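Below: upload-v8.csv (CSV, C-alpha atoms and all ligand atoms)
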chain,number,residue,atom,x,y,z
A,152,MET,CA,-116.5,170.6,135.6
A,153,TYR,CA,-115.1,167.4,133.9
A,154,ASN,CA,-117.2,164.7,132.2
A,155,ASN,CA,-114.5,162.0,131.8
A,156,ILE,CA,-112.0,162.4,134.6
A,157,LYS,CA,-112.3,162.9,138.4
A,158,ILE,CA,-109.7,164.7,140.5
A,159,GLN,CA,-109.6,164.0,144.2
A,160,LEU,CA,-107.1,165.5,146.7
A,161,LEU,CA,-105.5,163.0,149.1
A,162,ASP,CA,-103.5,165.4,151.3
A,163,GLN,CA,-100.7,166.6,149.0
A,164,THR,CA,-101.4,164.1,146.2
A,165,ALA,CA,-103.9,164.7,143.4
A,166,LEU,CA,-105.6,161.4,142.4
A,167,LEU,CA,-106.7,161.8,138.7
A,168,GLU,CA,-109.1,159.0,137.7
A,169,ILE,CA,-110.0,158.4,134.1
A,170,ASP,CA,-113.7,157.8,134.6
A,171,ARG,CA,-115.3,155.9,131.6
A,172,PRO,CA,-115.5,152.4,133.1
A,173,LYS,CA,-118.2,151.4,130.7
A,174,TYR,CA,-115.7,151.7,127.9
A,175,LEU,CA,-112.8,150.4,130.0
A,176,ASN,CA,-111.7,154.1,130.3
A,177,ALA,CA,-110.8,154.3,126.6
A,178,LEU,CA,-109.3,157.7,125.8
A,179,ASN,CA,-111.6,159.7,123.5
A,180,ARG,CA,-110.7,163.2,122.5
A,181,GLU,CA,-112.7,164.9,125.2
A,182,THR,CA,-110.9,162.8,127.9
A,183,LEU,CA,-107.5,163.8,126.6
A,184,GLU,CA,-108.6,167.4,126.4
A,185,GLU,CA,-109.7,167.2,130.1
A,186,ILE,CA,-106.4,165.6,131.1
A,187,GLU,CA,-104.6,168.4,129.3
A,188,HIS,CA,-106.6,171.1,131.0
A,189,ALA,CA,-106.0,169.6,134.4
A,190,PHE,CA,-102.3,169.4,133.9
A,191,GLN,CA,-102.2,172.9,132.4
A,192,HIS,CA,-104.2,174.5,135.2
A,193,GLU,CA,-105.1,173.1,138.7
A,194,LEU,CA,-102.5,170.4,139.0
A,195,LEU,CA,-99.8,172.9,138.0
A,196,SER,CA,-100.9,176.0,139.8
A,197,ASN,CA,-102.1,174.5,143.1
A,198,THR,CA,-99.0,174.6,145.3
A,199,ASP,CA,-100.6,172.3,147.9
A,200,ILE,CA,-100.4,169.6,145.3
A,201,ARG,CA,-96.9,168.0,145.4
A,202,GLY,CA,-97.5,165.0,143.2
A,203,VAL,CA,-100.1,163.3,140.9
A,204,ILE,CA,-101.4,159.8,140.5
A,205,ILE,CA,-103.2,158.8,137.3
A,206,THR,CA,-105.4,155.7,137.6
A,207,GLY,CA,-108.5,154.2,135.9
A,208,ALA,CA,-112.0,153.9,137.4
A,209,GLY,CA,-113.4,150.5,138.1
A,210,GLU,CA,-111.7,147.1,138.7
A,211,LYS,CA,-110.9,146.2,135.2
A,212,ALA,CA,-108.9,148.8,133.4
A,213,PHE,CA,-106.4,151.6,133.7
A,214,VAL,CA,-107.1,152.6,130.1
A,215,ALA,CA,-107.9,150.0,127.3
A,216,GLY,CA,-106.5,152.3,124.6
A,217,ALA,CA,-107.6,155.2,122.5
A,218,ASP,CA,-111.3,155.1,121.8
A,219,ILE,CA,-111.5,152.8,118.7
A,220,LYS,CA,-115.1,153.9,117.8
A,221,GLU,CA,-113.9,157.5,117.6
A,222,PHE,CA,-110.6,157.0,115.8
A,223,MET,CA,-112.0,154.5,113.2
A,224,LYS,CA,-113.3,157.5,111.2
A,225,TYR,CA,-110.1,159.4,110.9
A,226,SER,CA,-108.4,160.2,107.6
A,227,THR,CA,-104.6,160.3,107.2
A,228,GLU,CA,-104.6,164.1,107.7
A,229,GLU,CA,-106.7,163.9,110.8
A,230,GLY,CA,-104.6,161.0,112.2
A,231,MET,CA,-101.4,163.0,111.8
A,232,ALA,CA,-102.9,166.2,113.2
A,233,LEU,CA,-104.3,164.4,116.2
A,234,ALA,CA,-101.1,162.5,116.8
A,235,LYS,CA,-99.3,165.8,116.9
A,236,TRP,CA,-101.8,167.3,119.4
A,237,GLY,CA,-101.8,164.0,121.4
A,238,HIS,CA,-98.1,164.1,121.7
A,239,GLY,CA,-98.4,167.6,123.2
A,240,VAL,CA,-100.7,166.3,125.8
A,241,MET,CA,-98.4,163.4,126.7
A,242,ASN,CA,-95.4,165.8,126.8
A,243,ARG,CA,-97.2,168.0,129.3
A,244,ILE,CA,-97.3,165.0,131.6
A,245,TYR,CA,-93.8,163.9,130.7
A,246,THR,CA,-92.3,167.3,131.5
A,247,PHE,CA,-94.6,168.1,134.4
A,248,PRO,CA,-92.5,169.7,137.2
A,249,LYS,CA,-94.1,167.6,140.0
A,250,PRO,CA,-93.7,163.8,140.1
A,251,VAL,CA,-96.5,161.9,138.2
A,252,ILE,CA,-97.0,158.2,138.8
A,253,ALA,CA,-99.4,155.9,136.8
A,254,ALA,CA,-101.2,153.4,139.2
A,255,ILE,CA,-102.0,150.7,136.7
A,256,ASN,CA,-105.0,148.9,138.0
A,257,GLY,CA,-105.9,146.6,135.1
A,258,TYR,CA,-105.6,146.7,131.3
A,259,ALA,CA,-103.2,149.4,130.0
A,260,LEU,CA,-103.3,149.0,126.3
A,261,GLY,CA,-102.3,151.1,123.3
A,262,GLY,CA,-102.9,154.8,124.1
A,263,GLY,CA,-103.5,153.7,127.7
A,264,LEU,CA,-100.0,152.3,128.1
A,265,GLU,CA,-98.6,155.3,126.3
A,266,LEU,CA,-100.3,157.5,128.9
A,267,ALA,CA,-98.6,155.4,131.6
A,268,LEU,CA,-95.3,155.7,129.8
A,269,ALA,CA,-95.6,159.5,129.7
A,270,CYS,CA,-95.8,159.5,133.5
A,271,HIS,CA,-92.5,159.7,135.5
A,272,MET,CA,-93.0,156.3,137.2
A,273,ARG,CA,-95.4,153.3,137.1
A,274,VAL,CA,-96.8,151.0,139.8
A,275,ALA,CA,-98.9,148.1,138.7
A,276,SER,CA,-101.4,145.9,140.5
A,277,ASN,CA,-100.6,142.2,140.2
A,278,SER,CA,-103.5,141.7,137.9
A,279,ALA,CA,-102.5,144.4,135.4
A,280,LYS,CA,-102.0,143.6,131.7
A,281,MET,CA,-100.0,145.8,129.5
A,282,GLY,CA,-99.6,145.9,125.7
A,283,LEU,CA,-99.4,147.9,122.5
A,284,PRO,CA,-101.9,146.1,120.3
A,285,GLU,CA,-102.0,148.8,117.5
A,286,VAL,CA,-100.5,146.5,114.9
A,287,SER,CA,-103.7,144.3,115.2
A,288,LEU,CA,-105.6,147.3,114.0
A,289,GLY,CA,-103.2,148.2,111.2
A,290,LEU,CA,-101.7,151.0,113.2
A,291,ILE,CA,-98.6,151.8,115.1
A,292,PRO,CA,-98.5,153.5,118.5
A,293,GLY,CA,-99.3,157.2,118.0
A,294,TYR,CA,-98.8,158.8,121.5
A,295,GLY,CA,-95.1,158.3,121.9
A,296,GLY,CA,-95.1,154.5,122.6
A,297,THR,CA,-92.4,153.6,120.0
A,298,GLN,CA,-90.0,155.9,121.7
A,299,ARG,CA,-90.8,155.8,125.4
A,300,LEU,CA,-91.3,152.0,125.6
A,301,THR,CA,-87.9,151.6,123.9
A,302,GLN,CA,-86.2,154.0,126.4
A,303,LEU,CA,-87.6,152.0,129.3
A,304,VAL,CA,-87.2,148.4,128.3
A,305,GLY,CA,-84.7,148.5,125.4
A,306,ARG,CA,-85.1,148.0,121.7
A,307,GLY,CA,-85.5,144.2,121.7
A,308,LYS,CA,-88.3,144.0,124.3
A,309,ALA,CA,-90.0,147.0,122.9
A,310,LEU,CA,-90.1,145.6,119.4
A,311,GLU,CA,-91.3,142.3,120.8
A,312,MET,CA,-94.3,144.0,122.4
A,313,ILE,CA,-95.0,146.4,119.5
A,314,LEU,CA,-94.7,143.8,116.7
A,315,SER,CA,-96.5,141.0,118.4
A,316,GLY,CA,-99.2,143.2,119.9
A,317,GLU,CA,-99.3,140.8,122.9
A,318,MET,CA,-100.0,141.8,126.4
A,319,ILE,CA,-97.5,141.1,129.2
A,320,ASP,CA,-98.4,140.7,132.9
A,321,ALA,CA,-97.3,142.7,135.9
A,322,GLU,CA,-94.5,140.3,136.8
A,323,ASP,CA,-92.9,140.5,133.4
A,324,ALA,CA,-93.4,144.3,133.3
A,325,ASN,CA,-91.6,144.6,136.6
A,326,GLN,CA,-88.7,142.4,135.4
A,327,TRP,CA,-88.4,144.3,132.1
A,328,GLY,CA,-88.3,147.7,133.9
A,329,LEU,CA,-91.6,148.9,132.5
A,330,VAL,CA,-93.0,149.4,136.0
A,331,ASN,CA,-91.2,150.4,139.2
A,332,TYR,CA,-93.2,148.1,141.6
A,333,THR,CA,-96.1,145.7,141.6
A,334,THR,CA,-98.6,145.3,144.4
A,335,ASN,CA,-102.0,143.9,145.4
A,336,SER,CA,-104.9,145.8,143.9
A,337,ASP,CA,-106.1,146.8,147.4
A,338,GLU,CA,-102.8,148.5,148.1
A,339,LEU,CA,-102.2,150.1,144.7
A,340,ILE,CA,-103.1,153.7,145.6
A,341,SER,CA,-101.5,153.5,149.1
A,342,LYS,CA,-98.3,152.1,147.8
A,343,THR,CA,-98.2,154.7,145.0
A,344,THR,CA,-98.9,157.5,147.5
A,345,ASP,CA,-96.1,156.2,149.8
A,346,LEU,CA,-93.7,156.4,146.9
A,347,LEU,CA,-94.7,160.0,146.3
A,348,LYS,CA,-94.5,160.9,150.0
A,349,LYS,CA,-90.8,160.1,149.9
A,350,MET,CA,-90.5,163.1,147.5
A,351,TYR,CA,-92.7,165.5,149.4
A,352,GLY,CA,-90.1,166.3,152.1
A,353,LYS,CA,-87.6,167.3,149.5
A,354,SER,CA,-87.1,170.5,147.6
A,355,ALA,CA,-89.8,171.0,145.0
A,356,HIS,CA,-87.4,173.2,143.0
A,357,ALA,CA,-84.7,170.5,143.0
A,358,ILE,CA,-87.3,167.9,142.0
A,359,ALA,CA,-88.5,170.0,139.0
A,360,ALA,CA,-84.9,170.6,137.9
A,361,ALA,CA,-84.0,166.8,138.2
A,362,ILE,CA,-87.1,165.9,136.0
A,363,LYS,CA,-86.0,168.5,133.5
A,364,ALA,CA,-82.4,167.3,133.4
A,365,VAL,CA,-83.3,163.6,133.0
A,366,ASN,CA,-85.8,164.4,130.2
A,367,ALA,CA,-83.2,166.6,128.5
A,368,GLY,CA,-80.9,163.6,128.0
A,369,LEU,CA,-83.7,161.7,126.3
A,370,GLY,CA,-84.8,164.5,124.0
A,371,LYS,CA,-83.4,164.8,120.5
A,372,ASP,CA,-82.9,168.6,120.6
A,373,THR,CA,-81.6,168.9,124.1
A,374,ASP,CA,-78.4,168.0,125.9
A,375,GLY,CA,-78.9,166.3,129.3
A,376,TYR,CA,-75.3,167.1,130.5
A,377,GLU,CA,-75.7,170.8,129.6
A,378,GLU,CA,-79.0,170.9,131.3
A,379,GLU,CA,-77.6,169.3,134.4
A,380,ILE,CA,-74.7,171.8,134.5
A,381,ARG,CA,-77.1,174.7,134.1
A,382,SER,CA,-79.6,173.5,136.6
A,383,PHE,CA,-77.0,172.4,139.1
A,384,GLY,CA,-75.4,175.8,139.0
A,385,GLU,CA,-78.8,177.6,139.4
A,386,SER,CA,-79.6,175.5,142.4
A,387,PHE,CA,-76.9,177.3,144.4
A,388,GLY,CA,-78.9,180.5,144.1
A,389,THR,CA,-82.2,179.1,145.4
A,390,PRO,CA,-83.6,179.5,148.9
A,391,ASP,CA,-84.1,175.7,149.0
A,392,PHE,CA,-80.4,175.1,148.8
A,393,HIS,CA,-79.7,177.5,151.7
A,394,GLU,CA,-82.5,175.9,153.7
A,395,GLY,CA,-81.3,172.3,152.9
A,396,VAL,CA,-77.7,173.0,153.9
A,397,ASP,CA,-78.6,175.0,157.0
A,398,ALA,CA,-80.9,172.2,158.1
A,399,PHE,CA,-78.2,169.6,157.7
A,400,LEU,CA,-75.6,171.7,159.6
A,401,THR,CA,-78.0,172.5,162.4
A,402,LYS,CA,-79.2,168.9,162.6
A,403,ARG,CA,-82.9,169.6,161.9
A,404,LYS,CA,-85.4,168.7,159.2
A,405,PRO,CA,-85.5,171.1,156.3
A,406,ASN,CA,-88.6,173.2,155.8
A,407,PHE,CA,-88.8,173.7,152.0
B,501,LIG,N1,-112.1,151.8,122.5
B,501,LIG,C1,-113.5,151.9,122.6
B,501,LIG,N2,-114.2,151.0,123.4
B,501,LIG,C2,-113.5,150.1,124.0
B,501,LIG,C3,-112.1,149.9,124.0
B,501,LIG,C4,-111.4,150.9,123.2
B,501,LIG,N3,-110.1,150.9,123.1
B,501,LIG,N4,-111.8,148.9,124.7
B,501,LIG,C5,-112.9,148.4,125.3
B,501,LIG,N5,-114.0,149.1,124.8
B,501,LIG,C6,-115.4,148.9,125.2
B,501,LIG,C7,-115.9,147.6,124.4
B,501,LIG,O1,-116.3,147.9,123.1
B,501,LIG,C8,-117.1,147.3,125.3
B,501,LIG,O2,-118.2,148.1,125.0
B,501,LIG,P1,-119.7,147.5,124.7
B,501,LIG,O3,-119.5,146.5,123.7
B,501,LIG,O4,-120.0,147.0,126.1
B,501,LIG,O5,-120.4,148.8,124.4
B,501,LIG,C9,-116.6,147.6,126.7
B,501,LIG,O6,-115.5,148.5,126.5
B,501,LIG,C10,-116.1,146.4,127.5
B,501,LIG,O7,-115.1,145.8,126.8
B,501,LIG,P2,-115.2,144.2,126.4
B,501,LIG,O8,-116.6,143.7,126.5
B,501,LIG,O9,-114.4,144.0,125.2
B,501,LIG,O10,-114.4,143.6,127.7
B,501,LIG,P3,-113.6,142.3,127.8
B,501,LIG,O11,-113.3,142.1,129.3
B,501,LIG,O12,-114.3,141.2,127.1
B,501,LIG,O13,-112.2,142.5,127.0
B,501,LIG,C11,-110.2,143.9,126.4
B,501,LIG,C12,-111.3,143.5,127.5
B,501,LIG,C13,-109.4,145.0,127.0
B,501,LIG,C14,-109.3,142.7,126.2
B,501,LIG,C15,-111.0,144.3,125.2
B,501,LIG,O14,-112.0,145.2,125.5
B,501,LIG,C16,-110.1,144.8,124.1
B,501,LIG,O15,-109.4,144.1,123.4
B,501,LIG,N6,-110.2,146.2,124.0
B,501,LIG,C17,-109.5,146.9,122.9
B,501,LIG,C18,-108.0,147.0,123.1
B,501,LIG,C19,-107.4,147.8,122.1
B,501,LIG,O16,-107.2,147.2,120.9
B,501,LIG,N7,-107.2,149.0,122.3
B,501,LIG,C20,-106.8,150.0,121.3
B,501,LIG,C21,-105.4,149.9,121.0
B,501,LIG,S1,-105.0,150.9,119.7
B,501,LIG,C22,-104.2,158.1,117.6
B,501,LIG,C23,-103.3,158.0,118.6
B,501,LIG,C24,-103.2,156.8,119.3
B,501,LIG,C25,-104.0,155.8,119.0
B,501,LIG,C26,-105.0,155.9,118.0
B,501,LIG,C27,-105.1,157.1,117.3
B,501,LIG,N8,-104.3,159.3,116.8
B,501,LIG,C28,-103.4,160.4,117.2
B,501,LIG,C29,-105.3,159.5,115.9
B,501,LIG,C30,-104.0,154.6,119.8
B,501,LIG,C31,-104.5,153.5,119.4
B,501,LIG,C32,-104.8,152.4,120.4
B,501,LIG,O17,-104.8,152.6,121.6
Give the structure from this file in structure tokens form.
Amino acid sequence: MYNNIKIQLLDQTALLEIDRPKYLNALNRETLEEIEHAFQHELLSNTDIRGVIITGAGEKAFVAGADIKEFMKYSTEEGMALAKWGHGVMNRIYTFPKPVIAAINGYALGGGLELALACHMRVASNSAKMGLPEVSLGLIPGYGGTQRLTQLVGRGKALEMILSGEMIDAEDANQWGLVNYTTNSDELISKTTDLLKKMYGKSAHAIAAAIKAVNAGLGKDTDGYEEEIRSFGESFGTPDFHEGVDAFLTKRKPNF
């Protein structure tokens, strides 16, 4: 069904692999369309799927950027229109109601790092390299990188990465707060899956509400405190709240 991505179910986790290893998994338009389709349809509607991992095929790269050969032909108007659409795709991941983690298995550059930044969390293999090299091509990040990198690592470190275009290694990324954990390449998927599994025993409704409230505080048209008050109140009316409290009081595991 897809030409550029593969989706595999590992129990309750969907493993979405960007699958263009010959081009270091560079994101062309078709690949982004397929990612958008997956997040809009099967990953969202399949209730057996509780979380998603995004990774890159092959040993070398998560995603080495947007596809340079494709975007080299764009005009100003096309660039702007595509950035708008691309932001929509990234936002779909950013606001996805189930946890999404990028398992960064190699180069995560330009649009590739922006894809990882749109995920809720990031785990990197020790050999991963991350950077926003757009300025080397006379561009700036166009899929949310100027904003999301700044939110994660602060203005100074973000500007250092964006203005120098240099890559950082996994250790620095971990220290700067760009990734949540680092691990050996062999254990990247299992470590990422273990992180997700900690969330699977919890209320899916509460998880979706928490993602929404955290995101609301970072959006320019939304108020995180208001969203928290609204969602917190709403939670009292959910079956998950009754199940969670009953399980606690009767000393059993909740069955959400
Ligand atoms: N696009 C297209 N092909 C790529 C690619 C990319 N981003 N990165 C690598 N490849 C291809 C190479 O061309 C090569 O193909 P062949 O020559 O074999 O046909 C193949 O993948 C293997 O790459 P290398 O031979 O270069 O591998 P090395 O190990 O020697 O080097 C590298 C690995 C990651 C250091 C190197 O490949 C590299 O520097 N890659 C480019 C990194 C980069 O500058 N990425 C783009 C950043 S700019 C937009 C929104 C966002 C963006 C653009 C537009 N709009 C809304 C319009 C974002 C822009 C960016 O991401």
Q.
Please find the residues contacting ligand LIG 501 (chain B) at a distance of at most 7 Å between atoms, with all atoms listed in the file counted, and report them as a ChimeraX atom specification.
A. /A:173-175,177,215-220,222,225,229-231,233-235,237,258,260-263,283-285,288,292-294
As a check of understanding: the span from atom CA of Ala269 of chain A to atom CA of Leu314 of chain A is 20.4 Å
List the neighbours of Gly370 of chain A out to 12 Å using only C-alpha atoms; skip same-chain residues closer than 4 positions along the sequence, and give me the result as a short mmCIF file (atom, residue, chain, number, x, y, z; two decimals) with C-alpha atoms, in the coordinates of the input.
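Result file is selection03.cif:
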data_model
loop_
_atom_site.label_atom_id
_atom_site.label_comp_id
_atom_site.auth_asym_id
_atom_site.auth_seq_id
_atom_site.Cartn_x
_atom_site.Cartn_y
_atom_site.Cartn_z
CA ASN A 242 -95.40 165.80 126.80
CA TYR A 245 -93.80 163.90 130.70
CA THR A 246 -92.30 167.30 131.50
CA GLN A 298 -90.00 155.90 121.70
CA ARG A 299 -90.80 155.80 125.40
CA GLN A 302 -86.20 154.00 126.40
CA LYS A 363 -86.00 168.50 133.50
CA ALA A 364 -82.40 167.30 133.40
CA VAL A 365 -83.30 163.60 133.00
CA ASN A 366 -85.80 164.40 130.20
CA ASP A 374 -78.40 168.00 125.90
CA GLY A 375 -78.90 166.30 129.30
CA TYR A 376 -75.30 167.10 130.50
CA GLU A 378 -79.00 170.90 131.30
#
Assuming 6 Å of padding per side, give the centre and edge lengths of the axis-aligned box around every listed atom of segment 379-398 of chain A, in Å to one decimal and as AutoDock Vina command-line options.
--center_x -79.4 --center_y 174.9 --center_z 146.1 --size_x 21.4 --size_y 23.2 --size_z 36.0
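If all atoms listed in the file are the atoms counted, then among A:Ala398, A:Met272, A:Leu339, A:Gly316 the closest residue to Ser287 of chain A is A:Gly316.
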| said: I want to know what sits within 10 Å of Ile319 of chain A, based on only C-alpha atoms, with residues of the same chain fewer than 6 positions away left out; could you give that as a list in words? | reply: Ala279, Lys280, Met281, Gly282, Leu283 and Met312 of chain A
For the residues selected in the previous step, produce a file with C-alpha atoms as a compact mmCIF listing (two decimals), in the frame of the given file.
# COMPACT_ATOMS: atom_id res chain seq x y z
CA ALA A 279 -102.50 144.40 135.40
CA LYS A 280 -102.00 143.60 131.70
CA MET A 281 -100.00 145.80 129.50
CA GLY A 282 -99.60 145.90 125.70
CA LEU A 283 -99.40 147.90 122.50
CA MET A 312 -94.30 144.00 122.40
Would you pick out the contacts of Leu183 of chain A at 9 Å or less, using only C-alpha atoms, so that residues sharing its chain but fewer than 4 positions from it are not included, and give the list as number ranges by chain?
A: 155, 178-179, 187-188, 237, 240
| task | List every protein, DNA or RNA residue with an atom no more than 12 Å from (-106.8, 162.4, 142.4) in the file's coordinates, counting all atoms listed in the file, and format the result as number ranges by chain. | result | A: 156-170, 186, 189-190, 193-194, 200-208, 251-254, 340, 343-344
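From atom CA of Ser196 of chain A back to atom CA of Gly352 of chain A, the distance works out to 19.0 Å.
Put simply, atom CA of Gly295 of chain A is 12.0 Å away from atom CA of Ile244 of chain A.
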Worksheet entry | Polymer residues at most 10 Å from Thr389 of chain A, all atoms listed in the file, same-chain spacing of 5 or more positions, as number ranges by chain | A: 356-357, 384, 394
May I have the selected residues written with C-alpha atoms, as a JSON list (two decimals), keeping the file's coordinate frame?
[["chain", "number", "residue", "atom", "x", "y", "z"],
["A", 356, "HIS", "CA", -87.40, 173.20, 143.00],
["A", 357, "ALA", "CA", -84.70, 170.50, 143.00],
["A", 384, "GLY", "CA", -75.40, 175.80, 139.00],
["A", 394, "GLU", "CA", -82.50, 175.90, 153.70]]
* **Contact residues around Gly328 of chain A with all atoms listed in the file at 9 Å, ignoring same-chain residues under 5 positions, as a PyMOL selection string** => chain A and resi 303-304+323
